[in-house]
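What follows is the content of coords31.csv (CSV, C-alpha atoms).
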chain,number,residue,atom,x,y,z
A,1482,MET,CA,83.0,330.0,-18.7
A,1483,ARG,CA,83.4,330.6,-14.9
A,1484,VAL,CA,80.1,330.6,-13.0
A,1485,TYR,CA,79.5,331.3,-9.4
A,1486,VAL,CA,76.7,329.3,-7.7
A,1487,PRO,CA,75.3,330.7,-4.4
A,1488,LEU,CA,74.6,328.2,-1.7
A,1489,THR,CA,74.4,328.0,2.1
A,1490,LEU,CA,76.5,325.8,4.4
A,1491,SER,CA,73.7,323.3,4.6
A,1492,GLY,CA,73.4,323.4,0.8
A,1493,LEU,CA,77.1,322.8,0.5
A,1494,ALA,CA,76.8,319.8,2.8
A,1495,ALA,CA,73.9,318.4,0.7
A,1496,ALA,CA,76.0,318.9,-2.5
A,1497,HIS,CA,79.0,317.2,-0.9
A,1498,GLY,CA,76.8,314.2,0.1
A,1499,ALA,CA,75.2,314.0,-3.4
A,1500,GLY,CA,78.4,314.7,-5.2
A,1501,GLU,CA,76.8,317.5,-7.2
A,1502,VAL,CA,75.1,320.8,-7.0
A,1503,GLY,CA,71.6,320.4,-8.3
A,1504,PRO,CA,69.2,319.4,-9.5
A,1505,GLY,CA,69.0,321.9,-12.3
A,1506,PRO,CA,68.1,324.4,-13.3
A,1507,LEU,CA,70.6,326.3,-11.2
A,1508,THR,CA,70.9,330.0,-10.7
A,1509,ALA,CA,74.4,331.2,-11.0
A,1510,TYR,CA,76.3,334.4,-11.7
A,1511,ALA,CA,78.9,335.0,-14.5
A,1512,VAL,CA,80.5,337.7,-16.6
A,1513,THR,CA,77.7,338.5,-18.9
A,1514,PRO,CA,77.3,341.4,-21.3
A,1515,GLY,CA,74.9,342.9,-18.8
A,1516,LEU,CA,77.4,342.6,-16.0
A,1517,ARG,CA,80.1,344.1,-18.2
A,1518,GLU,CA,77.9,347.1,-18.9
A,1519,TRP,CA,76.8,347.5,-15.3
A,1520,TYR,CA,80.3,347.2,-13.9
A,1521,VAL,CA,81.9,349.3,-16.7
A,1522,SER,CA,85.3,347.5,-16.8
A,1523,ASP,CA,87.3,345.4,-19.3
A,1524,ASP,CA,89.4,343.7,-16.6
A,1525,ILE,CA,88.2,340.1,-16.5
A,1526,GLU,CA,89.4,339.6,-12.9
A,1527,GLU,CA,87.4,342.6,-11.8
A,1528,LEU,CA,84.4,341.4,-13.7
A,1529,GLU,CA,84.7,337.9,-12.2
A,1530,TYR,CA,85.0,339.4,-8.7
A,1531,ALA,CA,81.8,341.4,-9.4
A,1532,ALA,CA,80.0,338.1,-10.4
A,1533,LEU,CA,81.3,336.5,-7.3
A,1534,ASN,CA,79.9,339.3,-5.2
A,1535,ARG,CA,76.6,339.1,-7.0
A,1536,ALA,CA,76.5,335.4,-6.0
A,1537,ALA,CA,77.4,336.2,-2.4
A,1538,ALA,CA,74.5,338.6,-2.3
A,1539,ALA,CA,72.2,335.8,-3.6
A,1540,SER,CA,73.6,333.5,-0.8
A,1541,LEU,CA,72.7,336.2,1.7
A,1542,ARG,CA,69.1,336.1,0.4
A,1543,MET,CA,69.1,332.3,0.8
A,1544,ILE,CA,70.3,332.7,4.4
A,1545,ALA,CA,67.7,335.4,5.2
A,1546,GLY,CA,64.9,333.0,4.2
A,1547,ARG,CA,66.1,330.2,6.5
A,1548,PRO,CA,66.4,331.2,10.1
A,1549,GLU,CA,68.0,327.8,11.0
A,1550,GLU,CA,70.8,328.4,8.5
A,1551,THR,CA,74.4,329.1,9.6
A,1552,ARG,CA,75.1,332.8,8.9
A,1553,ARG,CA,78.0,332.4,6.5
A,1554,ARG,CA,77.6,333.1,2.8
A,1555,VAL,CA,78.8,330.3,0.4
A,1556,VAL,CA,79.6,330.5,-3.3
A,1557,VAL,CA,81.0,327.6,-5.4
A,1558,ALA,CA,82.9,328.5,-8.5
A,1559,PHE,CA,82.7,326.2,-11.5
A,1560,ASP,CA,84.1,326.2,-15.0
A,1561,VAL,CA,81.3,325.1,-17.4
A,1562,PRO,CA,81.3,324.8,-21.2
A,1563,ASP,CA,80.4,328.0,-23.0
A,1564,GLY,CA,76.6,327.8,-23.7
A,1565,ALA,CA,75.9,325.7,-20.5
A,1566,ALA,CA,75.1,329.0,-18.7
A,1567,VAL,CA,72.5,331.2,-20.3
A,1568,ALA,CA,71.3,334.6,-19.3
A,1569,ASP,CA,67.5,334.9,-19.1
A,1570,ALA,CA,66.5,337.4,-21.9
A,1571,ASP,CA,63.5,338.5,-19.8
A,1572,HIS,CA,65.7,339.7,-17.0
A,1573,ILE,CA,68.8,341.1,-18.7
A,1574,LEU,CA,67.7,344.7,-18.0
A,1575,ASP,CA,66.6,344.0,-14.4
A,1576,ALA,CA,69.2,345.5,-12.1
A,1577,SER,CA,68.7,342.8,-9.5
A,1578,SER,CA,69.5,340.2,-12.1
A,1579,VAL,CA,72.8,341.6,-13.4
A,1580,GLY,CA,75.1,338.7,-14.2
A,1581,GLU,CA,72.5,336.1,-13.5
A,1582,VAL,CA,72.6,332.9,-15.6
A,1583,ARG,CA,70.8,329.6,-15.6
A,1584,ILE,CA,72.5,326.2,-15.8
A,1585,ALA,CA,70.1,323.5,-17.1
A,1586,ASP,CA,71.5,320.5,-15.3
A,1587,ALA,CA,73.2,319.6,-12.0
A,1588,VAL,CA,77.0,320.2,-11.9
A,1589,ALA,CA,79.3,317.6,-10.4
A,1590,LEU,CA,81.0,319.0,-7.3
A,1591,SER,CA,84.3,317.4,-8.6
A,1592,LYS,CA,84.2,320.1,-11.4
A,1593,ALA,CA,84.3,322.9,-8.9
A,1594,ALA,CA,87.3,325.3,-9.2
A,1595,ALA,CA,86.9,326.7,-5.6
A,1596,VAL,CA,84.6,327.2,-2.7
A,1597,HIS,CA,84.2,330.7,-1.3
A,1598,VAL,CA,82.9,331.0,2.3
A,1599,ASP,CA,82.6,333.8,4.9
A,1600,GLY,CA,85.1,333.5,7.8
A,1601,GLU,CA,83.7,333.1,11.3
A,1602,ASP,CA,84.3,336.8,11.9
A,1603,ALA,CA,81.6,337.7,9.3
A,1604,GLU,CA,78.8,335.8,11.1
A,1605,LYS,CA,77.7,338.7,13.3
A,1606,ASP,CA,77.4,341.1,10.3
A,1607,VAL,CA,75.8,338.4,8.1
A,1608,THR,CA,73.3,337.7,10.8
A,1609,SER,CA,72.4,341.4,11.1
A,1610,ALA,CA,72.2,341.8,7.3
A,1611,ALA,CA,69.9,338.8,6.9
A,1612,ALA,CA,67.6,340.3,9.5
A,1613,VAL,CA,67.2,343.6,7.7
A,1614,LEU,CA,67.4,342.6,4.1
A,1615,GLY,CA,63.7,343.1,3.4
A,1616,ALA,CA,63.9,346.7,4.8
A,1617,ALA,CA,67.0,347.4,2.7
A,1618,ASP,CA,65.1,346.2,-0.4
A,1619,LEU,CA,62.3,348.7,0.5
A,1620,GLY,CA,64.8,351.6,0.6
A,1621,ASP,CA,65.7,351.8,4.3
A,1622,ASP,CA,69.1,353.5,4.3
A,1623,ASP,CA,70.1,352.2,7.7
A,1624,ALA,CA,69.2,348.7,6.7
A,1625,GLN,CA,71.2,349.0,3.5
A,1626,PHE,CA,74.2,350.2,5.6
A,1627,THR,CA,73.9,347.0,7.6
A,1628,VAL,CA,73.7,344.9,4.5
A,1629,ASP,CA,76.7,346.7,3.1
A,1630,GLY,CA,78.6,345.9,6.3
A,1631,ALA,CA,78.2,342.2,5.6
A,1632,GLU,CA,79.2,342.7,2.0
A,1633,ASP,CA,82.4,344.3,3.2
A,1634,HIS,CA,83.7,340.9,4.4
A,1635,GLU,CA,85.8,339.1,1.8
A,1636,LEU,CA,84.8,335.5,1.1
A,1637,LEU,CA,87.7,333.1,1.9
A,1638,TRP,CA,89.0,330.7,-0.8
A,1639,PHE,CA,89.0,327.0,-0.2
A,1640,GLY,CA,89.8,324.0,-2.5
A,1641,ILE,CA,87.1,321.4,-2.9
A,1642,GLN,CA,89.1,318.9,-0.9
A,1643,GLU,CA,88.5,321.3,2.1
A,1644,ILE,CA,84.7,321.0,2.0
A,1645,PRO,CA,84.5,318.3,4.7
A,1646,GLY,CA,86.2,320.7,7.1
A,1647,LEU,CA,83.8,323.5,6.2
A,1648,ILE,CA,80.7,321.5,6.7
A,1649,ALA,CA,81.8,319.7,9.9
Would you give me this structure, written as structure tokens?
Amino acid sequence: MRVYVPLTLSGLAAAHGAGEVGPGPLTAYAVTPGLREWYVSDDIEELEYAALNRAAAASLRMIAGRPEETRRRVVVAFDVPDGAAVADADHILDASSVGEVRIADAVALSKAAAVHVDGEDAEKDVTSAAAVLGAADLGDDDAQFTVDGAEDHELLWFGIQEIPGLIA
């Protein structure tokens, strides 16, 4: 099963130093029955892209809570055994938790399939989105427009061997 773990650049640096993302439990995003129903598609690539975007939104939330953090969203994609990632039955119907899964243990960074990171051109929009995320959550349409502007940036794909350059 492919899972998408939201991080920050400092979180990626810590994972690189430790050789793993963890400790567990980890929150990740994956193609779950709830995500399939929410996204209404049978195309696995579209569904995985939706899960990646859910993880990117979670990364934005991490950034918003840390003023010192670099304003670039980070998501690490892992392939884990089926059953290693479990949806929380208490949150399946919660719209904010669509696609969310828990992984009980840390995951070796060497098992990562890819790292997805915002390009430098996204930093301004991510900075603005992080500043108004709370207002967007409360229904402010202008704030939501700003958050959507950050989400319009495509995350770039990197191999795990490129992590040292990303965190430098």
Exercise for review: Taking the point (78.1, 319.2, -10.6) as given in the file, collect each protein or nucleic acid residue that comes within 10 Å of it, counting only C-alpha atoms, and present the set as a ChimeraX atom specification.
Suggested key: /A:1496-1497,1499-1505,1559,1561,1586-1593
Exercise for review: Give the answer as one residue: which of A:Asp1523, A:Val1582, A:Gly1630, A:Asp1622 has the shortest atom-to-atom distance to Ala1603 in chain A, using only C-alpha atoms?
Suggested key: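 That would be A:Gly1630, the residue with the smallest distance to Ala1603 in chain A.
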Val1628 in chain A: which residues within 8 Å, counting all atoms listed in the file, same-chain residues fewer than 5 positions away excluded, as a short mmCIF file (atom, residue, chain, number, x, y, z; two decimals) with C-alpha atoms, in the coordinates of the input?
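Result saved to around_39.cif:
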data_model
loop_
_atom_site.label_atom_id
_atom_site.label_comp_id
_atom_site.auth_asym_id
_atom_site.auth_seq_id
_atom_site.Cartn_x
_atom_site.Cartn_y
_atom_site.Cartn_z
CA ASP A 1606 77.40 341.10 10.30
CA VAL A 1607 75.80 338.40 8.10
CA SER A 1609 72.40 341.40 11.10
CA ALA A 1610 72.20 341.80 7.30
CA ALA A 1611 69.90 338.80 6.90
CA VAL A 1613 67.20 343.60 7.70
CA LEU A 1614 67.40 342.60 4.10
CA ALA A 1617 67.00 347.40 2.70
#
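Closest to Leu1533 in chain A among A:Leu1647, A:Val1521, A:Ala1545, A:Val1557 is A:Val1557, based on all atoms listed in the file.
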Check your understanding: Between CA of Asp1618 in chain A and CA of Val1596 in chain A, what is the distance, to one decimal in Å?
Key -> 27.3 Å
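Among the candidates A:Thr1489, A:Pro1645, A:Thr1627, A:Glu1529, the one nearest to Ala1558 in chain A when counting all atoms listed in the file is A:Glu1529.
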Point to revise | Point-to-point distance in Å for CA of Arg1554 in chain A and CA of Leu1637 in chain A | key: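 Between CA of Leu1637 in chain A and CA of Arg1554 in chain A the gap works out to 10.1 Å.
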**Study point:** Distance query Arg1535 in chain A at most 12 Å, all atoms listed in the file, self and fewer than 2 positions along chain excluded, as a PyMOL selection string
**Key:** chain A and resi 1484-1487+1508-1513+1516+1519-1520+1528-1533+1537-1542+1554-1556+1576-1582+1632
Check your understanding: CA of Arg1552 in chain A and CA of Asp1599 in chain A, how far apart in Å?
Key ->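 If I compute the distance from CA of Asp1599 in chain A to CA of Arg1552 in chain A, I get 8.6 Å.
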